[in-house]
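Chemist: Following this message is one structure expressed as structure tokens.
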Amino acid sequence: YKQYADRNPIIIGTGLLTGTFAPSSCAGFVTAKSPVTGSVCHLPLQWQTAVEMKYSGFDFMVILGESEKPCRLWLHDELAELADAEEIWGKDVWETTDWLRQEHGDDYVQVICIGPAGENGSTVAQLSESYWGSRDIFAIGAAFGARKLKAVALRGMGSLEVAEGLFETTVQAQQDIRKG
């Protein structure tokens with residue numbers, strides 16, 4: 001964040017073990033300045049969003065600047081494509097997720113998006129992960145809206161190479177965690 005702080009970045013990232021068998025390996029994050037508090041905050045991503053980002057070939061994405069018109073990002077196969085979002089601007093997160101999954105022909109596409117509250121800069125606007133909300137209490141949805149970024153769609157068909165024995169080590173770690 002500090003590297004791009006003067007450009008008010010939104011950073012979406014994954015963890016070192018995201019997409020592996022390690023405990024909590026589906027986790028990711030969004031880091032941005034809150035439109036509500038003015039402080040840098042960290043929003044956890046859950047579900048499959050971070051895994052799809054990792055499998056699409058990206059560990060981190062830094063969003064800088066803002067668009068003149070509504071746009072969306074499509075991350076897949078180590079490619080990042082910026083596309084027009086006029087057709088989905090004004091739609092709620094359910095409609096947006098359905099539209100993007102149909103557009104890309106895949107029900108496994110994961111989506112980070114905003115609804116009309118984010119588009120209008122509401123201080124209660126959440127980022128949503130596909131159909132579901134998030135733990136966004138910082139109005140990062142409004143930060144997306146200020147950039148006219150409707151959504152980030154992610155689909156990873158790649159895989160990860162992991163060290164020999166990682167699976168067995170993570171199974172043991174899970175067992176140890178369960179034992180307390």
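Ordering of the structure tokens sets the chain letters (A, B, ...); residue numbers start at 1 within each chain; ligands are numbered from 1 in the order shown.
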Counting only C-alpha atoms, which residues of range 68-88 of chain A fall within 10 Å of range 103-118 of chain A, and what is the closest atom pair for each with its distance in Å at one decimal, ordered by chain and rising number, as CSV?

Modeler:
```
residue,atom,partner,partner_atom,distance
A:Arg72,CA,A:Cys113,CA,9.0
A:Leu73,CA,A:Ile112,CA,9.7
A:Trp74,CA,A:His104,CA,9.2
A:Leu75,CA,A:Val109,CA,9.8
A:His76,CA,A:Val109,CA,9.6
A:Ile88,CA,A:Gly115,CA,9.5
```

Chemist: I need the residues from that last selection saved to file as a PDB file, in the first residue's frame (with all heavy atoms), if you can.

Modeler:
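So the final result, stored in part_29.pdb, reads:
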```
ATOM      1  N   ARG A  72     -15.361  -2.960 -15.703  1.00  0.00           N
ATOM      2  CA  ARG A  72     -15.212  -4.190 -14.931  1.00  0.00           C
ATOM      3  C   ARG A  72     -13.905  -4.846 -15.339  1.00  0.00           C
ATOM      4  O   ARG A  72     -13.388  -4.603 -16.431  1.00  0.00           O
ATOM      5  CB  ARG A  72     -16.375  -5.139 -15.167  1.00  0.00           C
ATOM      6  CG  ARG A  72     -16.555  -5.518 -16.626  1.00  0.00           C
ATOM      7  CD  ARG A  72     -17.856  -6.292 -16.846  1.00  0.00           C
ATOM      8  NE  ARG A  72     -18.167  -6.418 -18.251  1.00  0.00           N
ATOM      9  CZ  ARG A  72     -17.792  -7.428 -19.027  1.00  0.00           C
ATOM     10  NH1 ARG A  72     -17.068  -8.419 -18.528  1.00  0.00           N
ATOM     11  NH2 ARG A  72     -18.138  -7.476 -20.294  1.00  0.00           N
ATOM     12  N   LEU A  73     -13.370  -5.635 -14.443  1.00  0.00           N
ATOM     13  CA  LEU A  73     -12.146  -6.386 -14.709  1.00  0.00           C
ATOM     14  C   LEU A  73     -12.469  -7.868 -14.817  1.00  0.00           C
ATOM     15  O   LEU A  73     -13.324  -8.378 -14.083  1.00  0.00           O
ATOM     16  CB  LEU A  73     -11.132  -6.187 -13.580  1.00  0.00           C
ATOM     17  CG  LEU A  73     -10.373  -4.883 -13.564  1.00  0.00           C
ATOM     18  CD1 LEU A  73      -9.639  -4.716 -12.240  1.00  0.00           C
ATOM     19  CD2 LEU A  73      -9.388  -4.824 -14.712  1.00  0.00           C
ATOM     20  N   TRP A  74     -11.763  -8.556 -15.710  1.00  0.00           N
ATOM     21  CA  TRP A  74     -11.911  -9.991 -15.892  1.00  0.00           C
ATOM     22  C   TRP A  74     -10.519 -10.598 -15.805  1.00  0.00           C
ATOM     23  O   TRP A  74      -9.650 -10.315 -16.631  1.00  0.00           O
ATOM     24  CB  TRP A  74     -12.562 -10.252 -17.233  1.00  0.00           C
ATOM     25  CG  TRP A  74     -12.592 -11.639 -17.786  1.00  0.00           C
ATOM     26  CD1 TRP A  74     -12.250 -11.993 -19.062  1.00  0.00           C
ATOM     27  CD2 TRP A  74     -13.035 -12.855 -17.158  1.00  0.00           C
ATOM     28  NE1 TRP A  74     -12.428 -13.345 -19.246  1.00  0.00           N
ATOM     29  CE2 TRP A  74     -12.917 -13.900 -18.094  1.00  0.00           C
ATOM     30  CE3 TRP A  74     -13.499 -13.148 -15.873  1.00  0.00           C
ATOM     31  CZ2 TRP A  74     -13.255 -15.220 -17.789  1.00  0.00           C
ATOM     32  CZ3 TRP A  74     -13.835 -14.459 -15.573  1.00  0.00           C
ATOM     33  CH2 TRP A  74     -13.722 -15.476 -16.522  1.00  0.00           C
ATOM     34  N   LEU A  75     -10.278 -11.375 -14.744  1.00  0.00           N
ATOM     35  CA  LEU A  75      -8.990 -12.033 -14.553  1.00  0.00           C
ATOM     36  C   LEU A  75      -9.141 -13.523 -14.818  1.00  0.00           C
ATOM     37  O   LEU A  75      -9.958 -14.190 -14.172  1.00  0.00           O
ATOM     38  CB  LEU A  75      -8.481 -11.825 -13.122  1.00  0.00           C
ATOM     39  CG  LEU A  75      -7.983 -10.427 -12.846  1.00  0.00           C
ATOM     40  CD1 LEU A  75      -8.963  -9.696 -11.964  1.00  0.00           C
ATOM     41  CD2 LEU A  75      -6.642 -10.496 -12.197  1.00  0.00           C
ATOM     42  N   HIS A  76      -8.346 -14.021 -15.763  1.00  0.00           N
ATOM     43  CA  HIS A  76      -8.379 -15.437 -16.128  1.00  0.00           C
ATOM     44  C   HIS A  76      -7.119 -15.781 -16.911  1.00  0.00           C
ATOM     45  O   HIS A  76      -6.546 -14.930 -17.590  1.00  0.00           O
ATOM     46  CB  HIS A  76      -9.619 -15.733 -16.984  1.00  0.00           C
ATOM     47  CG  HIS A  76      -9.596 -15.025 -18.304  1.00  0.00           C
ATOM     48  ND1 HIS A  76      -9.273 -15.649 -19.480  1.00  0.00           N
ATOM     49  CD2 HIS A  76      -9.802 -13.720 -18.629  1.00  0.00           C
ATOM     50  CE1 HIS A  76      -9.304 -14.767 -20.483  1.00  0.00           C
ATOM     51  NE2 HIS A  76      -9.628 -13.592 -19.987  1.00  0.00           N
ATOM     52  N   ILE A  88     -24.344  -3.473 -16.892  1.00  0.00           N
ATOM     53  CA  ILE A  88     -24.650  -3.965 -15.546  1.00  0.00           C
ATOM     54  C   ILE A  88     -24.640  -2.857 -14.492  1.00  0.00           C
ATOM     55  O   ILE A  88     -24.955  -3.107 -13.330  1.00  0.00           O
ATOM     56  CB  ILE A  88     -23.706  -5.116 -15.124  1.00  0.00           C
ATOM     57  CG1 ILE A  88     -22.226  -4.732 -15.282  1.00  0.00           C
ATOM     58  CG2 ILE A  88     -24.039  -6.378 -15.881  1.00  0.00           C
ATOM     59  CD1 ILE A  88     -21.243  -5.776 -14.795  1.00  0.00           C
TER      60      ILE A  88
END
```

Chemist: Name all residues at most 10 Å from Ser128 in chain A (count only C-alpha atoms; drop same-chain ones fewer than 3 positions away) and give them as a ChimeraX atom specification.

Modeler: /A:45,93-94,97,111-115,125,131-136,140-141,151

Chemist: Atoms to include: N, CA and C atoms. Write the selected residues as an mmCIF file, in the first residue's frame.

Modeler:
```cif
data_model
loop_
_atom_site.group_PDB
_atom_site.id
_atom_site.type_symbol
_atom_site.label_atom_id
_atom_site.label_comp_id
_atom_site.auth_asym_id
_atom_site.auth_seq_id
_atom_site.Cartn_x
_atom_site.Cartn_y
_atom_site.Cartn_z
ATOM 1 N N LEU A 45 -11.366 -11.571 2.436
ATOM 2 C CA LEU A 45 -12.153 -12.248 1.403
ATOM 3 C C LEU A 45 -12.248 -13.708 1.813
ATOM 4 N N VAL A 93 -26.172 -6.929 -6.750
ATOM 5 C CA VAL A 93 -25.067 -7.890 -6.798
ATOM 6 C C VAL A 93 -25.510 -9.253 -7.330
ATOM 7 N N TRP A 94 -26.749 -9.648 -7.077
ATOM 8 C CA TRP A 94 -27.246 -10.924 -7.610
ATOM 9 C C TRP A 94 -27.327 -10.849 -9.133
ATOM 10 N N THR A 97 -23.730 -10.714 -10.620
ATOM 11 C CA THR A 97 -23.072 -12.021 -10.594
ATOM 12 C C THR A 97 -23.643 -12.933 -11.666
ATOM 13 N N VAL A 111 -17.003 -13.431 -8.214
ATOM 14 C CA VAL A 111 -17.191 -12.013 -8.494
ATOM 15 C C VAL A 111 -17.013 -11.196 -7.214
ATOM 16 N N ILE A 112 -16.275 -10.115 -7.328
ATOM 17 C CA ILE A 112 -16.228 -9.088 -6.283
ATOM 18 C C ILE A 112 -16.922 -7.891 -6.917
ATOM 19 N N CYS A 113 -18.042 -7.459 -6.341
ATOM 20 C CA CYS A 113 -18.801 -6.408 -7.029
ATOM 21 C C CYS A 113 -19.525 -5.485 -6.046
ATOM 22 N N ILE A 114 -20.094 -4.452 -6.623
ATOM 23 C CA ILE A 114 -20.905 -3.510 -5.857
ATOM 24 C C ILE A 114 -22.298 -3.436 -6.476
ATOM 25 N N GLY A 115 -23.234 -2.980 -5.664
ATOM 26 C CA GLY A 115 -24.580 -2.718 -6.141
ATOM 27 C C GLY A 115 -24.789 -1.219 -6.262
ATOM 28 N N ALA A 125 -22.025 1.136 1.736
ATOM 29 C CA ALA A 125 -21.851 0.258 0.578
ATOM 30 C C ALA A 125 -20.782 -0.798 0.838
ATOM 31 N N TYR A 131 -22.782 -13.655 -4.729
ATOM 32 C CA TYR A 131 -24.105 -13.256 -4.250
ATOM 33 C C TYR A 131 -24.079 -12.738 -2.818
ATOM 34 N N TRP A 132 -23.025 -13.035 -2.098
ATOM 35 C CA TRP A 132 -23.015 -12.797 -0.669
ATOM 36 C C TRP A 132 -22.278 -11.528 -0.327
ATOM 37 N N GLY A 133 -22.668 -10.925 0.743
ATOM 38 C CA GLY A 133 -21.997 -9.726 1.231
ATOM 39 C C GLY A 133 -20.588 -10.073 1.677
ATOM 40 N N SER A 134 -20.031 -9.217 2.434
ATOM 41 C CA SER A 134 -18.699 -9.460 2.965
ATOM 42 C C SER A 134 -18.645 -8.859 4.363
ATOM 43 N N ARG A 135 -17.495 -8.814 4.913
ATOM 44 C CA ARG A 135 -17.321 -8.196 6.231
ATOM 45 C C ARG A 135 -16.905 -6.734 6.083
ATOM 46 N N ASP A 136 -17.337 -6.122 4.979
ATOM 47 C CA ASP A 136 -16.966 -4.742 4.663
ATOM 48 C C ASP A 136 -17.736 -3.769 5.539
ATOM 49 N N ILE A 140 -15.765 0.006 1.413
ATOM 50 C CA ILE A 140 -14.893 -0.181 0.259
ATOM 51 C C ILE A 140 -15.751 -0.275 -1.002
ATOM 52 N N GLY A 141 -17.003 -0.655 -0.857
ATOM 53 C CA GLY A 141 -17.927 -0.622 -1.987
ATOM 54 C C GLY A 141 -18.024 0.778 -2.569
ATOM 55 N N ALA A 151 -17.178 -4.336 -11.012
ATOM 56 C CA ALA A 151 -16.895 -5.706 -10.590
ATOM 57 C C ALA A 151 -15.520 -6.173 -11.040
#
```

Chemist: Write out as a VMD selection string all residues of chain A that DSSP puts in helix (DSSP H, G or I) for this structure's backbone.

Modeler: chain A and resid 2 to 7 49 to 55 93 to 104 116 to 119 140 to 146 166 to 179

Chemist: Counting only C-alpha atoms, figure out which residue out of A:Tyr55, A:Gly38, A:Glu78, A:Ser130 gets nearest to Glu95 in chain A.

Modeler: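 Using only C-alpha atoms, the shortest distance to Glu95 in chain A belongs to A:Ser130.
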
Chemist: Find the spatial neighbours of range 144-146 of chain A, counting only C-alpha atoms, within a cut-off of 12 Å - ignore same-chain residues fewer than 2 positions away - and output them as number ranges by chain.

Modeler: A: 8-12, 30-35, 63-73, 85, 89-90, 112-123, 125-128, 138-142, 148-152

Chemist: Which residue out of A:Ala80, A:Phe21, A:Val51, A:Leu100 has the minimum interatomic distance to Leu166 in chain A when only C-alpha atoms are used?

Modeler: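 Nearest candidate to Leu166 in chain A out of A:Ala80, A:Phe21, A:Val51, A:Leu100: A:Phe21.
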
Chemist: When distances are computed from only C-alpha atoms, which of A:Leu16, A:Ala50, A:Val124, A:Ala22 shows the smallest separation from Gln172 in chain A?

Modeler: A:Ala22
